[in-house]
Amino acid sequence: TDGNEKARTKSGIGSWVYGEELFQSSAFWWSPDSKKIAYYRFDESNVIDYPLQVKQLALQSDTYTEPYPKAGKPNPIVDVFVYDVATKKSTRMDIRDGKPFTNDSVGHYVYGISWTPDSSELLMHRTNRKQNSMEYVAANPNTGTLRLIFREDWPASWTENSPQIRWLKDGKRFILRSERNGFHNFYLYDVSGKLIATITNLQAEVATIVRLEEDKNVMYYMARDGDNHMKMQLHRVGLDGKGEVRMTDPAFNHTVSLSPDGSEFVDVIQTHNSPPATRVVKADGTVLLKIATSDITAFTDQGYQPAEVFPYKSIDGIETCWGTISYPSHFDPKKKYPLLVLVYGGPATSSVSETFAAPSSTCDLGFIVAAFDGRNSSGRGKRLLDQLYLHLGGPEIDDQAAGVMVLRERPYVDGNRIGIYGTSYGGFASAMCLLRYPDVFTAASASSAVTAWNHYDSIYTERYMWLPEENADGYKFGSAMTYAKDKKGRLLIYYGTADDNVHPNNSMQLISALQRAGKSFEVQVGPDQGHSGVNFDRMMEFFYDAFGIR
């Protein structure tokens, strides 16, 4: 009851940045026995407010203000309390081990809060501000004392904030998915913090647990160890790490459903250019029954062909990247087509997959459409992603350009008409591609784009870029404004006036820099719109005009 609007303290209510970046959808948690309730307390007295003008379509507009910690600026001070229903007393959990709230304290961020099944302890993740050390701890709800269960460190960049945890039925053991060897693998722990077993030790990424058969000491899981990292495979292994076996054909991507006794499974196989087929397969890999195959006669009769997936080299010639390209129906390789690139491009995200897919509908507007997964892509291990650390706007942008350079060598790709578009991080990537590679990209549509990382929130930005004062060169390099003078092609900027995520000042800064550089551009505004993209038809009109299509 000590929340105070004037002092900017609040209990049982989340801070915006925790919901956005740490996925905290709740700020209080009942114990399973309903005798206690844990809750957040935030002190936002030092957090700088960001006001937005809202209701701009009304006769009289209003303002919406949110404490928004931008990169390098003061964060909310977090505490966790437990209220005892019977005694009506709250106990503060010692989430920083008696130490002050600093950037270095593991306990700068606290999240992922839950109770043990027997209500005896409160479990939580905590990290330092740099997010390269993460601890999973248990708190005594009666005394507030904490004990360590496990710790993850990755000094080269950042740790995974919320690794997968799967509790066993006894409530005393859990399976952790950790990146500690450079790839996601599974480890068996008990709640005391003892590592019982390394269950998997692949030089490839494990994905999800399909089934646990605790009575048989067996786990089934999916891993990215097919012919490439996009082809998911079913594995079986003992919880002691013994008896590891891959049960599926690495030439395909698999979606599986196990029989109750695990002796058989329904297996849907496909790749980017082979449509889904469904089979029943024995655990030893023997195909028992072919249930269904996809009939794509009508698809091909209409002139369509599946999206193509291809490898290419990163701009430094070292790493293998992946791209996908879609063609119009009745594609004529003797003609030249403008190329549109759809991009997101943020760390640990992907746009290319080994699932059969129809070409983008945008193709039949007269375009070839492509997407690229560079060194930002997920599913390929932590060391690849480390190349982005302190350098957002660098490797992931370079590899978009490298993909285009490969495709424009094809005779049917018009290298003088290359467009790119995206929203949010994709808006940032679109603007940066046009500005950093003015001789590769000829037009870009950038929606709700971060244009400089000191404009974005602390938790996301600092995870990849650290503090502006500690990485001044990286922040300057990753700013679209740095390259405004280099603009050659056509640029469409879109922002929503009520965007409380990527604030309108991102677009305003870029607009101002382009004006000072004497560059022309287009702007579309979404009155009272939040984090959103430009109207698709308007965007296509922009590309038609940029490419001289009538």
# chains A, B, ... in the order shown; residues from 1 in each chain; ligands from 1
>>> residues_around(residues="range 175-181 of chain A", least_positions_apart="6", cutoff="6 Å", atoms="only C-alpha atoms", output="PDB file with N, CA, C and O atoms, in the first residue's frame")
ATOM      1  N   PRO A 163      16.176 -18.693 -20.457  1.00  0.00           N
ATOM      2  CA  PRO A 163      16.324 -20.001 -21.095  1.00  0.00           C
ATOM      3  C   PRO A 163      15.153 -20.912 -20.762  1.00  0.00           C
ATOM      4  O   PRO A 163      14.516 -20.781 -19.711  1.00  0.00           O
ATOM      5  N   GLN A 164      14.875 -21.851 -21.666  1.00  0.00           N
ATOM      6  CA  GLN A 164      13.803 -22.818 -21.426  1.00  0.00           C
ATOM      7  C   GLN A 164      14.105 -23.621 -20.172  1.00  0.00           C
ATOM      8  O   GLN A 164      15.224 -24.092 -19.968  1.00  0.00           O
ATOM      9  N   ILE A 165      13.066 -23.792 -19.335  1.00  0.00           N
ATOM     10  CA  ILE A 165      13.163 -24.651 -18.157  1.00  0.00           C
ATOM     11  C   ILE A 165      11.929 -25.542 -18.128  1.00  0.00           C
ATOM     12  O   ILE A 165      10.799 -25.050 -18.221  1.00  0.00           O
ATOM     13  N   ARG A 166      12.151 -26.837 -18.024  1.00  0.00           N
ATOM     14  CA  ARG A 166      11.042 -27.811 -17.972  1.00  0.00           C
ATOM     15  C   ARG A 166      11.183 -28.620 -16.678  1.00  0.00           C
ATOM     16  O   ARG A 166      12.138 -29.353 -16.486  1.00  0.00           O
ATOM     17  N   TYR A 187      20.327 -29.759 -20.242  1.00  0.00           N
ATOM     18  CA  TYR A 187      21.042 -30.179 -19.040  1.00  0.00           C
ATOM     19  C   TYR A 187      20.020 -30.487 -17.944  1.00  0.00           C
ATOM     20  O   TYR A 187      19.017 -29.773 -17.813  1.00  0.00           O
ATOM     21  N   LEU A 188      20.311 -31.512 -17.150  1.00  0.00           N
ATOM     22  CA  LEU A 188      19.420 -31.915 -16.060  1.00  0.00           C
ATOM     23  C   LEU A 188      19.984 -31.425 -14.732  1.00  0.00           C
ATOM     24  O   LEU A 188      21.131 -31.735 -14.384  1.00  0.00           O
TER      25      LEU A 188
END
>>> closest_atom_pairs(of="range 180-261 of chain A", to="range 133-137 of chain A", cutoff="12 Å", atoms="only C-alpha atoms", output="CSV")
residue,atom,partner,partner_atom,distance
A:Arg180,CA,A:Ser133,CA,11.6
A:Tyr189,CA,A:Tyr136,CA,11.8
A:Val191,CA,A:Val137,CA,9.6
A:Ser192,CA,A:Val137,CA,9.9
A:Gly193,CA,A:Val137,CA,9.1
>>> atom_distance(atom1="CA of Gly496 in chain A", atom2="CA of Pro51 in chain A")
14.1 Å
>>> residues_around(residues="Leu258 in chain A", least_positions_apart="6", cutoff="10 Å", atoms="only C-alpha atoms", output="ChimeraX atom specification")
/A:210-211,220,264-267,280-283
>>> residues_around(residues="range 416-433 of chain A", least_positions_apart="4", cutoff="9 Å", atoms="only C-alpha atoms", output="VMD selection string")
chain A and resid 337 to 346 393 396 to 398 400 to 401 404 408 437 to 452 478 to 480 483 491 to 494 502 531 to 534 539 543 546 to 547
>>> residues_around(residues="range 139-149 of chain A", least_positions_apart="6", cutoff="8 Å", atoms="only C-alpha atoms", output="PyMOL selection string")
chain A and resi 82+91-95+97+120-123+191-194
>>> write_last_selection(atoms="C-alpha atoms", output="tab-separated table (two decimals), in the first residue's frame")
chain	number	residue	atom	x	y	z
A	82	VAL	CA	6.19	-11.48	-0.53
A	91	THR	CA	8.97	-9.41	3.38
A	92	ARG	CA	11.51	-7.95	0.99
A	93	MET	CA	13.49	-10.48	-1.02
A	94	ASP	CA	17.24	-9.79	-0.95
A	95	ILE	CA	17.53	-9.82	-4.73
A	97	ASP	CA	22.46	-9.87	-1.83
A	120	SER	CA	8.42	-23.27	-0.29
A	121	GLU	CA	10.50	-20.98	-2.50
A	122	LEU	CA	10.17	-18.16	-5.00
A	123	LEU	CA	12.17	-18.68	-8.20
A	191	VAL	CA	16.58	-27.64	-7.40
A	192	SER	CA	19.58	-27.53	-5.10
A	193	GLY	CA	21.67	-26.40	-8.07
A	194	LYS	CA	23.46	-29.68	-8.70
>>> select_by_dssp(residues="range 264-378 of chain A", states="helix (DSSP H, G or I)", output="PyMOL selection string")
chain A and resi 297-301+361-365
>>> write_last_selection(atoms="N, CA and C atoms", output="compact mmCIF listing (two decimals), in the first residue's frame")
# COMPACT_ATOMS: atom_id res chain seq x y z
N THR A 297 -0.75 -30.05 -58.30
CA THR A 297 -1.03 -29.92 -59.75
C THR A 297 -1.64 -28.57 -60.07
N ALA A 298 -2.65 -28.19 -59.30
CA ALA A 298 -3.31 -26.91 -59.56
C ALA A 298 -2.34 -25.75 -59.34
N PHE A 299 -1.48 -25.90 -58.38
CA PHE A 299 -0.47 -24.89 -58.07
C PHE A 299 0.46 -24.67 -59.27
N THR A 300 0.98 -25.76 -59.80
CA THR A 300 1.92 -25.64 -60.93
C THR A 300 1.19 -25.29 -62.23
N ASP A 301 -0.06 -25.76 -62.37
CA ASP A 301 -0.83 -25.42 -63.57
C ASP A 301 -1.06 -23.92 -63.69
N SER A 361 2.51 -13.17 -52.51
CA SER A 361 1.51 -12.62 -53.43
C SER A 361 2.00 -11.33 -54.09
N THR A 362 2.98 -10.68 -53.47
CA THR A 362 3.53 -9.47 -54.05
C THR A 362 4.20 -9.75 -55.39
N CYS A 363 4.65 -10.99 -55.59
CA CYS A 363 5.31 -11.33 -56.85
C CYS A 363 4.41 -11.05 -58.05
N ASP A 364 3.12 -11.36 -57.92
CA ASP A 364 2.23 -11.18 -59.05
C ASP A 364 1.85 -9.73 -59.29
N LEU A 365 2.44 -8.83 -58.53
CA LEU A 365 2.35 -7.41 -58.86
C LEU A 365 3.51 -7.01 -59.77
>>> select_by_dssp(residues="range 381-444 of chain A", states="strand (DSSP E or B)", output="ChimeraX atom specification")
/A:413-423,443-444
>>> atom_distance(atom1="CA of Met232 in chain A", atom2="CA of Arg380 in chain A")
12.4 Å
>>> residues_around(residues="Gln529 in chain A", least_positions_apart="2", cutoff="10 Å", atoms="only C-alpha atoms", output="ChimeraX atom specification")
/A:54-56,495-500,525-527,531-533
>>> residues_around(residues="Thr278 in chain A", least_positions_apart="4", cutoff="12 Å", atoms="only C-alpha atoms", output="VMD selection string")
chain A and resid 253 to 257 265 to 270 287 to 294
>>> closest_atom_pairs(of="range 81-122 of chain A", to="range 8-29 of chain A", cutoff="9 Å", atoms="only C-alpha atoms", output="Markdown table")
| residue | atom | partner | partner_atom | distance |
| --- | --- | --- | --- | --- |
| A:Tyr109 | CA | A:Tyr18 | CA | 8.7 |
| A:Tyr111 | CA | A:Leu22 | CA | 6.9 |
| A:Gly112 | CA | A:Gln24 | CA | 7.1 |
| A:Ile113 | CA | A:Trp29 | CA | 7.7 |
| A:Ser114 | CA | A:Trp29 | CA | 6.9 |
| A:Trp115 | CA | A:Trp29 | CA | 7.9 |
>>> write_last_selection(atoms="C-alpha atoms", output="tab-separated table (two decimals), in the first residue's frame")
chain	number	residue	atom	x	y	z
A	109	TYR	CA	16.99	-6.80	-13.65
A	111	TYR	CA	12.11	-11.28	-13.88
A	112	GLY	CA	10.73	-14.71	-14.81
A	113	ILE	CA	9.24	-15.07	-11.34
A	114	SER	CA	7.43	-18.22	-10.26
A	115	TRP	CA	6.89	-20.45	-7.24
>>> closest_residue(among="A:Phe356, A:Tyr389, A:Phe186, A:Tyr475", to="Ala71 in chain A", atoms="only C-alpha atoms")
A:Tyr475
>>> decode(residues="range 253-266 of chain A", atoms="all heavy atoms", output="short mmCIF file (atom, residue, chain, number, x, y, z; two decimals), in the first residue's frame")
data_model
loop_
_atom_site.label_atom_id
_atom_site.label_comp_id
_atom_site.auth_asym_id
_atom_site.auth_seq_id
_atom_site.Cartn_x
_atom_site.Cartn_y
_atom_site.Cartn_z
N ASN A 253 12.81 -31.45 -43.40
CA ASN A 253 12.33 -30.82 -42.18
C ASN A 253 11.16 -31.64 -41.66
O ASN A 253 10.29 -32.05 -42.44
CB ASN A 253 11.89 -29.38 -42.46
CG ASN A 253 11.39 -28.69 -41.22
OD1 ASN A 253 12.11 -28.55 -40.25
ND2 ASN A 253 10.14 -28.25 -41.24
N HIS A 254 11.12 -31.88 -40.34
CA HIS A 254 10.13 -32.79 -39.78
C HIS A 254 9.25 -32.11 -38.74
O HIS A 254 9.73 -31.32 -37.92
CB HIS A 254 10.83 -33.99 -39.12
CG HIS A 254 11.66 -34.80 -40.06
ND1 HIS A 254 11.18 -35.92 -40.70
CD2 HIS A 254 12.94 -34.64 -40.49
CE1 HIS A 254 12.14 -36.43 -41.47
NE2 HIS A 254 13.21 -35.66 -41.37
N THR A 255 7.96 -32.45 -38.79
CA THR A 255 7.01 -32.12 -37.73
C THR A 255 6.42 -33.45 -37.27
O THR A 255 5.88 -34.20 -38.10
CB THR A 255 5.90 -31.19 -38.23
OG1 THR A 255 6.49 -30.03 -38.80
CG2 THR A 255 4.98 -30.78 -37.08
N VAL A 256 6.52 -33.76 -35.98
CA VAL A 256 6.21 -35.12 -35.54
C VAL A 256 5.15 -35.14 -34.45
O VAL A 256 4.94 -34.16 -33.73
CB VAL A 256 7.48 -35.84 -35.02
CG1 VAL A 256 8.57 -35.87 -36.09
CG2 VAL A 256 8.00 -35.18 -33.75
N SER A 257 4.48 -36.30 -34.36
CA SER A 257 3.54 -36.58 -33.28
C SER A 257 3.76 -38.02 -32.85
O SER A 257 3.54 -38.95 -33.63
CB SER A 257 2.10 -36.38 -33.76
OG SER A 257 1.19 -36.71 -32.73
N LEU A 258 4.23 -38.21 -31.63
CA LEU A 258 4.59 -39.54 -31.14
C LEU A 258 3.37 -40.35 -30.73
O LEU A 258 2.39 -39.80 -30.19
CB LEU A 258 5.52 -39.42 -29.93
CG LEU A 258 6.96 -39.01 -30.21
CD1 LEU A 258 7.64 -38.59 -28.92
CD2 LEU A 258 7.72 -40.14 -30.86
N SER A 259 3.43 -41.65 -30.95
CA SER A 259 2.40 -42.55 -30.42
C SER A 259 2.57 -42.63 -28.91
O SER A 259 3.63 -42.32 -28.36
CB SER A 259 2.54 -43.94 -31.04
OG SER A 259 3.79 -44.53 -30.66
N PRO A 260 1.52 -43.07 -28.19
CA PRO A 260 1.60 -43.10 -26.73
C PRO A 260 2.79 -43.88 -26.18
O PRO A 260 3.37 -43.50 -25.16
CB PRO A 260 0.27 -43.72 -26.32
CG PRO A 260 -0.67 -43.34 -27.41
CD PRO A 260 0.16 -43.39 -28.67
N ASP A 261 3.16 -44.99 -26.84
CA ASP A 261 4.27 -45.79 -26.31
C ASP A 261 5.62 -45.43 -26.93
O ASP A 261 6.65 -46.03 -26.61
CB ASP A 261 4.00 -47.28 -26.49
CG ASP A 261 3.90 -47.69 -27.97
OD1 ASP A 261 4.09 -46.82 -28.85
OD2 ASP A 261 3.61 -48.87 -28.23
N GLY A 262 5.64 -44.45 -27.85
CA GLY A 262 6.89 -44.00 -28.44
C GLY A 262 7.48 -44.92 -29.48
O GLY A 262 8.57 -44.65 -30.00
N SER A 263 6.75 -45.98 -29.83
CA SER A 263 7.30 -46.94 -30.80
C SER A 263 7.13 -46.46 -32.23
O SER A 263 7.81 -46.96 -33.14
CB SER A 263 6.62 -48.30 -30.63
OG SER A 263 5.23 -48.20 -30.92
N GLU A 264 6.23 -45.52 -32.46
CA GLU A 264 5.96 -45.01 -33.80
C GLU A 264 5.70 -43.51 -33.69
O GLU A 264 5.43 -42.99 -32.60
CB GLU A 264 4.73 -45.71 -34.41
CG GLU A 264 4.84 -47.22 -34.52
CD GLU A 264 3.51 -47.88 -34.80
OE1 GLU A 264 2.49 -47.16 -34.85
OE2 GLU A 264 3.48 -49.11 -34.97
N PHE A 265 5.74 -42.85 -34.82
CA PHE A 265 5.38 -41.44 -34.82
C PHE A 265 4.84 -41.05 -36.19
O PHE A 265 5.24 -41.63 -37.22
CB PHE A 265 6.55 -40.54 -34.42
CG PHE A 265 7.78 -40.64 -35.27
CD1 PHE A 265 8.00 -39.75 -36.31
CD2 PHE A 265 8.73 -41.62 -35.00
CE1 PHE A 265 9.14 -39.84 -37.09
CE2 PHE A 265 9.89 -41.70 -35.78
CZ PHE A 265 10.09 -40.81 -36.82
N VAL A 266 3.91 -40.10 -36.18
CA VAL A 266 3.43 -39.49 -37.41
C VAL A 266 4.44 -38.42 -37.80
O VAL A 266 4.81 -37.57 -36.97
CB VAL A 266 2.02 -38.88 -37.24
CG1 VAL A 266 1.60 -38.16 -38.51
CG2 VAL A 266 1.02 -39.96 -36.88
#
